[in-house]
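Data from model_29.csv: CSV, C-alpha atoms
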chain,number,residue,atom,x,y,z
A,1,MET,CA,111.5,81.4,106.4
A,2,ASN,CA,109.6,79.7,109.2
A,3,SER,CA,105.9,79.3,108.8
A,4,THR,CA,103.4,79.8,111.6
A,5,ASN,CA,99.9,78.8,112.3
A,6,SER,CA,99.0,82.2,113.7
A,7,ALA,CA,95.6,83.8,113.0
A,8,SER,CA,97.5,86.5,111.0
A,9,ALA,CA,97.7,84.0,108.1
A,10,ASN,CA,93.9,84.4,107.7
A,11,ALA,CA,94.0,88.2,108.0
A,12,PRO,CA,92.0,90.2,105.4
A,13,ALA,CA,93.8,92.0,102.6
A,14,PRO,CA,95.2,95.5,103.5
A,15,ALA,CA,92.9,98.4,103.0
A,16,GLY,CA,93.4,100.7,100.0
A,17,GLY,CA,94.0,98.0,97.4
A,18,ARG,CA,96.8,95.5,96.8
A,19,ILE,CA,100.2,96.3,98.2
A,20,ARG,CA,103.0,96.0,95.6
A,21,LEU,CA,106.1,94.3,97.0
A,22,LEU,CA,109.4,93.7,95.2
A,23,VAL,CA,111.7,90.9,96.6
A,24,ILE,CA,115.3,91.2,95.5
A,25,ASP,CA,116.9,87.9,96.5
A,26,ASP,CA,118.9,85.2,94.6
A,27,ASP,CA,117.1,82.5,96.6
A,28,ARG,CA,114.3,81.7,94.2
A,29,LYS,CA,112.7,79.2,96.6
A,30,LEU,CA,112.4,81.9,99.3
A,31,CYS,CA,111.0,84.3,96.8
A,32,ARG,CA,108.3,81.8,95.9
A,33,LEU,CA,107.5,81.1,99.6
A,34,ILE,CA,107.1,84.9,100.2
A,35,ARG,CA,104.9,85.3,97.2
A,36,ASP,CA,102.7,82.3,98.0
A,37,TYR,CA,102.3,83.4,101.6
A,38,LEU,CA,101.6,87.1,100.9
A,39,THR,CA,99.5,86.9,97.8
A,40,PRO,CA,96.3,85.7,99.6
A,41,LEU,CA,96.8,88.5,102.1
A,42,GLY,CA,96.4,91.2,99.5
A,43,TYR,CA,100.0,91.6,98.3
A,44,GLU,CA,101.2,91.7,94.7
A,45,VAL,CA,104.7,90.2,94.8
A,46,ALA,CA,107.4,90.4,92.1
A,47,SER,CA,111.0,89.3,92.4
A,48,GLU,CA,114.4,89.9,90.9
A,49,HIS,CA,117.5,87.7,91.5
A,50,THR,CA,120.6,89.9,90.9
A,51,GLY,CA,121.7,93.3,92.2
A,52,PRO,CA,121.6,95.2,88.9
A,53,ALA,CA,118.1,93.8,87.9
A,54,GLY,CA,116.9,94.7,91.4
A,55,VAL,CA,118.0,98.3,91.1
A,56,ASN,CA,116.4,98.6,87.7
A,57,ARG,CA,113.1,97.2,88.8
A,58,ALA,CA,113.0,99.0,92.1
A,59,THR,CA,113.6,102.4,90.4
A,60,ALA,CA,111.5,101.9,87.3
A,61,GLU,CA,108.2,101.0,88.9
A,62,ALA,CA,106.2,102.2,91.9
A,63,TRP,CA,106.4,99.9,94.9
A,64,ASP,CA,104.9,100.0,98.4
A,65,ALA,CA,107.9,98.2,99.8
A,66,VAL,CA,111.1,96.3,98.9
A,67,ILE,CA,112.6,93.2,100.6
A,68,LEU,CA,116.3,93.3,99.8
A,69,ASP,CA,118.8,90.5,100.5
A,70,LEU,CA,122.3,91.5,101.6
A,71,MET,CA,124.1,88.8,99.8
A,72,LEU,CA,123.4,89.2,96.0
A,73,PRO,CA,125.3,88.3,92.8
A,74,GLU,CA,127.0,91.2,90.9
A,75,LEU,CA,126.0,93.9,93.4
A,76,ASP,CA,125.6,93.3,97.1
A,77,GLY,CA,122.5,94.6,99.0
A,78,PHE,CA,124.3,97.6,100.4
A,79,GLU,CA,125.2,98.9,97.0
A,80,VAL,CA,121.7,98.1,95.6
A,81,LEU,CA,120.3,100.2,98.5
A,82,ARG,CA,122.6,103.1,97.8
A,83,ARG,CA,121.5,103.2,94.2
A,84,ILE,CA,117.8,102.9,95.0
A,85,ARG,CA,118.1,105.8,97.5
A,86,LYS,CA,119.5,108.0,94.8
A,87,SER,CA,116.0,108.2,93.3
A,88,SER,CA,113.5,106.6,95.6
A,89,GLU,CA,112.4,106.7,99.2
A,90,VAL,CA,110.5,103.4,98.9
A,91,PRO,CA,110.5,101.5,102.3
A,92,VAL,CA,113.2,98.8,102.3
A,93,LEU,CA,113.5,95.8,104.5
A,94,MET,CA,117.0,94.4,104.5
A,95,LEU,CA,117.1,90.6,104.6
A,96,THR,CA,120.2,88.7,105.6
A,97,ALA,CA,121.6,85.5,107.0
A,98,ARG,CA,124.1,87.6,109.0
A,99,GLY,CA,122.8,89.1,112.2
A,100,GLU,CA,125.7,91.2,113.4
A,101,GLU,CA,124.8,94.7,114.7
A,102,ALA,CA,127.4,96.2,112.4
A,103,ASP,CA,125.6,95.0,109.3
A,104,ARG,CA,122.3,96.4,110.7
A,105,ILE,CA,123.9,99.8,111.4
A,106,VAL,CA,125.4,100.0,107.9
A,107,GLY,CA,122.1,99.2,106.3
A,108,LEU,CA,120.2,101.8,108.4
A,109,GLU,CA,122.9,104.4,107.7
A,110,ILE,CA,122.5,103.9,104.0
A,111,GLY,CA,118.7,104.2,104.2
A,112,ALA,CA,117.1,100.9,105.1
A,113,ASP,CA,113.9,101.2,107.1
A,114,ASP,CA,114.1,97.9,108.9
A,115,TYR,CA,116.2,94.7,109.2
A,116,LEU,CA,115.0,91.1,109.1
A,117,PRO,CA,117.1,88.0,109.6
A,118,LYS,CA,116.6,85.1,107.2
A,119,THR,CA,115.3,83.0,110.2
A,120,PHE,CA,112.2,85.2,110.3
A,121,SER,CA,108.8,83.7,110.8
A,122,THR,CA,105.8,84.5,108.5
A,123,ARG,CA,104.2,86.4,111.4
A,124,GLU,CA,107.2,88.6,111.8
A,125,LEU,CA,107.5,89.3,108.1
A,126,LEU,CA,103.9,90.3,107.9
A,127,ALA,CA,104.1,92.6,111.0
A,128,ARG,CA,107.2,94.4,109.7
A,129,LEU,CA,105.8,94.8,106.2
A,130,ARG,CA,102.6,96.2,107.5
A,131,ALA,CA,104.5,98.6,109.7
A,132,VAL,CA,106.7,100.1,107.0
A,133,THR,CA,103.9,100.3,104.4
A,134,ARG,CA,101.5,101.9,106.9
A,135,ARG,CA,104.1,104.5,107.6
A,136,SER,CA,104.7,105.3,104.0
A,137,ARG,CA,101.4,105.1,102.2
A,138,ARG,CA,100.2,108.5,101.2
A,139,GLY,CA,96.4,108.0,101.5
A,140,SER,CA,94.4,110.8,103.2
A,141,PRO,CA,93.6,110.0,106.8
A,142,ALA,CA,90.2,111.6,106.3
A,143,ALA,CA,89.3,108.7,104.0
A,144,ASP,CA,89.6,106.4,106.9
A,145,GLY,CA,87.4,108.6,109.1
A,146,GLU,CA,90.3,110.1,110.9
A,147,GLU,CA,90.8,113.8,111.6
A,148,VAL,CA,93.5,115.3,109.4
A,149,GLU,CA,96.3,116.7,111.5
A,150,ARG,CA,97.3,120.2,110.6
A,151,GLU,CA,100.8,121.2,109.4
A,152,LEU,CA,103.5,121.4,112.0
A,153,VAL,CA,105.8,124.4,111.8
A,154,VAL,CA,109.1,124.8,113.6
A,155,GLY,CA,110.8,128.0,112.3
A,156,PRO,CA,111.6,127.4,108.6
A,157,LEU,CA,110.7,123.7,108.9
A,158,ARG,CA,107.2,122.6,107.8
A,159,VAL,CA,106.0,119.0,108.4
A,160,ASP,CA,102.6,117.9,107.1
A,161,PRO,CA,101.5,114.5,108.6
A,162,GLY,CA,98.4,114.4,106.4
A,163,THR,CA,100.4,114.3,103.1
A,164,ARG,CA,103.6,112.9,104.7
A,165,THR,CA,105.6,115.7,103.2
A,166,ALA,CA,108.3,118.0,104.8
A,167,ALA,CA,110.1,121.1,103.6
A,168,LEU,CA,112.9,123.3,104.9
A,169,GLY,CA,112.0,126.7,103.6
A,170,ASP,CA,111.2,126.2,99.9
A,171,LEU,CA,113.2,123.0,99.7
A,172,PRO,CA,111.3,119.7,99.9
A,173,LEU,CA,112.9,117.1,102.1
A,174,ALA,CA,113.3,113.5,100.8
A,175,LEU,CA,112.8,111.4,104.0
A,176,THR,CA,112.5,107.7,104.5
A,177,PRO,CA,109.3,106.6,106.3
A,178,VAL,CA,111.1,106.2,109.6
A,179,GLU,CA,112.9,109.5,109.3
A,180,PHE,CA,109.6,111.2,108.6
A,181,ASP,CA,107.9,109.6,111.6
A,182,LEU,CA,110.8,110.6,113.8
A,183,LEU,CA,110.5,114.2,112.6
A,184,VAL,CA,106.8,114.3,113.2
A,185,SER,CA,107.3,113.0,116.7
A,186,LEU,CA,109.9,115.6,117.5
A,187,ALA,CA,107.9,118.4,115.8
A,188,ARG,CA,104.8,117.5,117.9
A,189,ALA,CA,106.9,117.9,121.0
A,190,LYS,CA,109.0,120.9,119.9
A,191,GLY,CA,110.9,122.4,122.7
A,192,ARG,CA,110.5,119.2,124.8
A,193,VAL,CA,112.7,116.2,125.2
A,194,LYS,CA,111.8,112.9,123.7
A,195,SER,CA,113.6,109.9,125.1
A,196,ARG,CA,114.9,107.1,122.8
A,197,GLU,CA,112.3,104.8,124.4
A,198,GLN,CA,109.5,107.2,123.6
A,199,LEU,CA,110.7,107.5,120.0
A,200,LEU,CA,111.0,103.8,119.6
A,201,GLU,CA,107.5,103.2,120.9
A,202,GLU,CA,106.0,105.8,118.6
A,203,ILE,CA,107.7,104.7,115.3
A,204,ARG,CA,107.8,101.0,115.7
A,205,ASP,CA,105.1,98.4,116.2
A,206,ARG,CA,105.4,96.8,119.6
A,207,ASN,CA,105.1,93.2,118.4
A,208,TYR,CA,108.7,92.8,117.2
A,209,GLU,CA,112.2,93.6,118.4
A,210,VAL,CA,114.0,96.8,117.7
A,211,PHE,CA,117.3,98.1,119.1
A,212,ASP,CA,118.1,101.4,120.7
A,213,ARG,CA,121.1,102.2,118.4
A,214,SER,CA,118.8,102.4,115.4
A,215,ILE,CA,117.3,105.7,116.7
A,216,ASP,CA,120.7,107.3,116.8
A,217,VAL,CA,121.4,106.2,113.2
A,218,HIS,CA,118.1,107.6,111.9
A,219,ILE,CA,118.5,110.8,113.8
A,220,SER,CA,122.0,111.2,112.3
A,221,ALA,CA,120.5,110.7,108.8
A,222,LEU,CA,117.7,113.2,109.5
A,223,ARG,CA,120.3,115.8,110.7
A,224,LYS,CA,122.2,115.5,107.5
A,225,LYS,CA,119.0,116.2,105.5
A,226,LEU,CA,118.3,119.2,107.6
A,227,GLY,CA,121.8,120.5,107.1
A,228,ASP,CA,122.3,120.2,110.9
A,229,ASP,CA,125.8,120.2,112.5
A,230,PRO,CA,125.6,117.7,115.4
A,231,LYS,CA,128.3,119.7,117.3
A,232,ALA,CA,126.2,122.9,117.0
A,233,PRO,CA,122.7,121.8,116.0
A,234,ARG,CA,120.2,124.3,114.7
A,235,PHE,CA,117.2,121.9,114.8
A,236,ILE,CA,117.8,118.6,116.7
A,237,ARG,CA,119.6,118.9,120.0
A,238,THR,CA,120.9,115.9,121.9
A,239,LEU,CA,120.5,115.9,125.7
A,240,ARG,CA,122.9,113.4,127.2
A,241,ALA,CA,121.2,110.5,128.9
A,242,ALA,CA,117.8,112.0,128.2
A,243,GLY,CA,117.1,112.0,124.4
A,244,TYR,CA,116.5,114.4,121.6
A,245,MET,CA,114.6,117.7,121.3
A,246,LEU,CA,113.6,119.7,118.2
A,247,ILE,CA,114.2,123.4,118.6
A,248,ASN,CA,113.3,126.5,116.5
A,249,PRO,CA,116.6,128.0,115.3
A,250,GLU,CA,114.8,131.4,114.7
A,251,ALA,CA,113.9,131.6,118.4
A,252,GLU,CA,117.4,131.0,119.7
Can I see the file as structure tokens?
Amino acid sequence: MNSTNSASANAPAPAGGRIRLLVIDDDRKLCRLIRDYLTPLGYEVASEHTGPAGVNRATAEAWDAVILDLMLPELDGFEVLRRIRKSSEVPVLMLTARGEEADRIVGLEIGADDYLPKTFSTRELLARLRAVTRRSRRGSPAADGEEVERELVVGPLRVDPGTRTAALGDLPLALTPVEFDLLVSLARAKGRVKSREQLLEEIRDRNYEVFDRSIDVHISALRKKLGDDPKAPRFIRTLRAAGYMLINPEAE
């Protein structure tokens, strides 16, 4: 982890109380560095150093985010993430010394919310953590003086941006923060095409790099949870070279 002298190091603690962060990494020195950097900024940081211990801690307690190393003893990060996703939609930042796109794609397909190389700077770490926790926190927008957005309805699909919940008929949908934000963006524009660039701009902070392929991976995961067949989609239609569009299957 590379330190910086940016003004973000003196930023105030996040609103709404301390943010609980679990770091699952066998590099104890890195865990201490993350803890020492984030604690003054309003984070409560705990750590585990093996795959099984990380799974147990991540699923037994409530966390605002998890930083998960790919290379772990006993269980690798991919398997740890698979087990976490069986019972939790906590935002997960995958952390790895390997930067190949294939690794990033696999992590996103399993349910990671973002990817961070081990050469990250403290500024980048803080920006990405703030992005994923801001997307996932369930606090009422009205508490921050913002107008509560009404429920979005597309046929049998209901999406509530205020409570960050979604349901298909009577079945609640378990969505990751990125999947939920994608669905909200598409639902707001129902019947109209959203390009990959527009979706990236809406679901990611602009102060760090993202890659276009990630949108396709998250859309694929979202389709599976909607029970959508990509060859004959009921909800999310792909328009070649244009983007994606959410449609009402009851109006077709």
Nearest to Val66 of chain A, restricted to only C-alpha atoms and choosing among A:Ala167, A:Val159, A:Ala189, A:Met94, comes out as A:Met94
Minimum-distance residue to Val90 of chain A, chosen among A:Ala251, A:Ala127, A:Leu38, A:Ala58 (using only C-alpha atoms)
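Ranked by minimum distance to Val90 of chain A, first place goes to A:Ala58.
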Polymer residues at most 6 Å from Gly51 of chain A, all atoms listed in the file, same-chain spacing of 3 or more positions, as a PyMOL selection string:
chain A and resi 54+72+74-75+80
Of the candidates A:Tyr115, A:Pro230, A:Arg85, A:Thr165, which shows the shortest atom-to-atom distance to Ala102 of chain A, using only C-alpha atoms?
A:Tyr115
Enumerate, as a short mmCIF file (atom, residue, chain, number, x, y, z; two decimals) with C-alpha atoms, in the coordinates of the input, the protein, DNA and RNA residues whose atoms approach (105.7, 122.7, 122.8) to within 12 Å, taking into account all atoms listed in the file and the coordinate frame of the file.
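Listing of out.cif after writing:
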data_model
loop_
_atom_site.label_atom_id
_atom_site.label_comp_id
_atom_site.auth_asym_id
_atom_site.auth_seq_id
_atom_site.Cartn_x
_atom_site.Cartn_y
_atom_site.Cartn_z
CA LEU A 152 103.50 121.40 112.00
CA VAL A 153 105.80 124.40 111.80
CA VAL A 154 109.10 124.80 113.60
CA SER A 185 107.30 113.00 116.70
CA LEU A 186 109.90 115.60 117.50
CA ALA A 187 107.90 118.40 115.80
CA ARG A 188 104.80 117.50 117.90
CA ALA A 189 106.90 117.90 121.00
CA LYS A 190 109.00 120.90 119.90
CA GLY A 191 110.90 122.40 122.70
CA ARG A 192 110.50 119.20 124.80
CA VAL A 193 112.70 116.20 125.20
CA LYS A 194 111.80 112.90 123.70
CA MET A 245 114.60 117.70 121.30
CA LEU A 246 113.60 119.70 118.20
CA ILE A 247 114.20 123.40 118.60
CA ASN A 248 113.30 126.50 116.50
#
Please provide the set of residues having any atom within 10 Å of Asn56 of chain A, restricted to all atoms listed in the file, with same-chain residues fewer than 4 positions apart removed, written as a PyMOL selection string.
chain A and resi 48+51-52+60-61+80+83-84
Please compute the atom CA of Asp114 of chain A-atom CA of Val92 of chain A distance, one decimal, in Å.
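Distance reported for this atom pair: 6.7 Å.
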From the options A:Glu89, A:Leu157, A:Arg234, A:Ile34, which residue's atoms come nearest to Arg123 of chain A, counting only C-alpha atoms?
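When distances to Arg123 of chain A are compared using only C-alpha atoms, the smallest one comes from A:Ile34.
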Report the distance between atom CA of Leu30 of chain A and atom CA of Asp76 of chain A in Å, rounded to one decimal place.
17.6 Å
Select, from A:Ile19, A:Thr96, A:His49, A:Thr122, the residue with the minimum atom-to-atom distance to Asp36 of chain A, counting all atoms listed in the file.
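Using all atoms listed in the file, Asp36 of chain A sits closest to A:Thr122.
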Please indicate the distance in Å from atom CA of Leu93 of chain A to atom CA of Leu116 of chain A, rounded to one decimal place.
6.7 Å
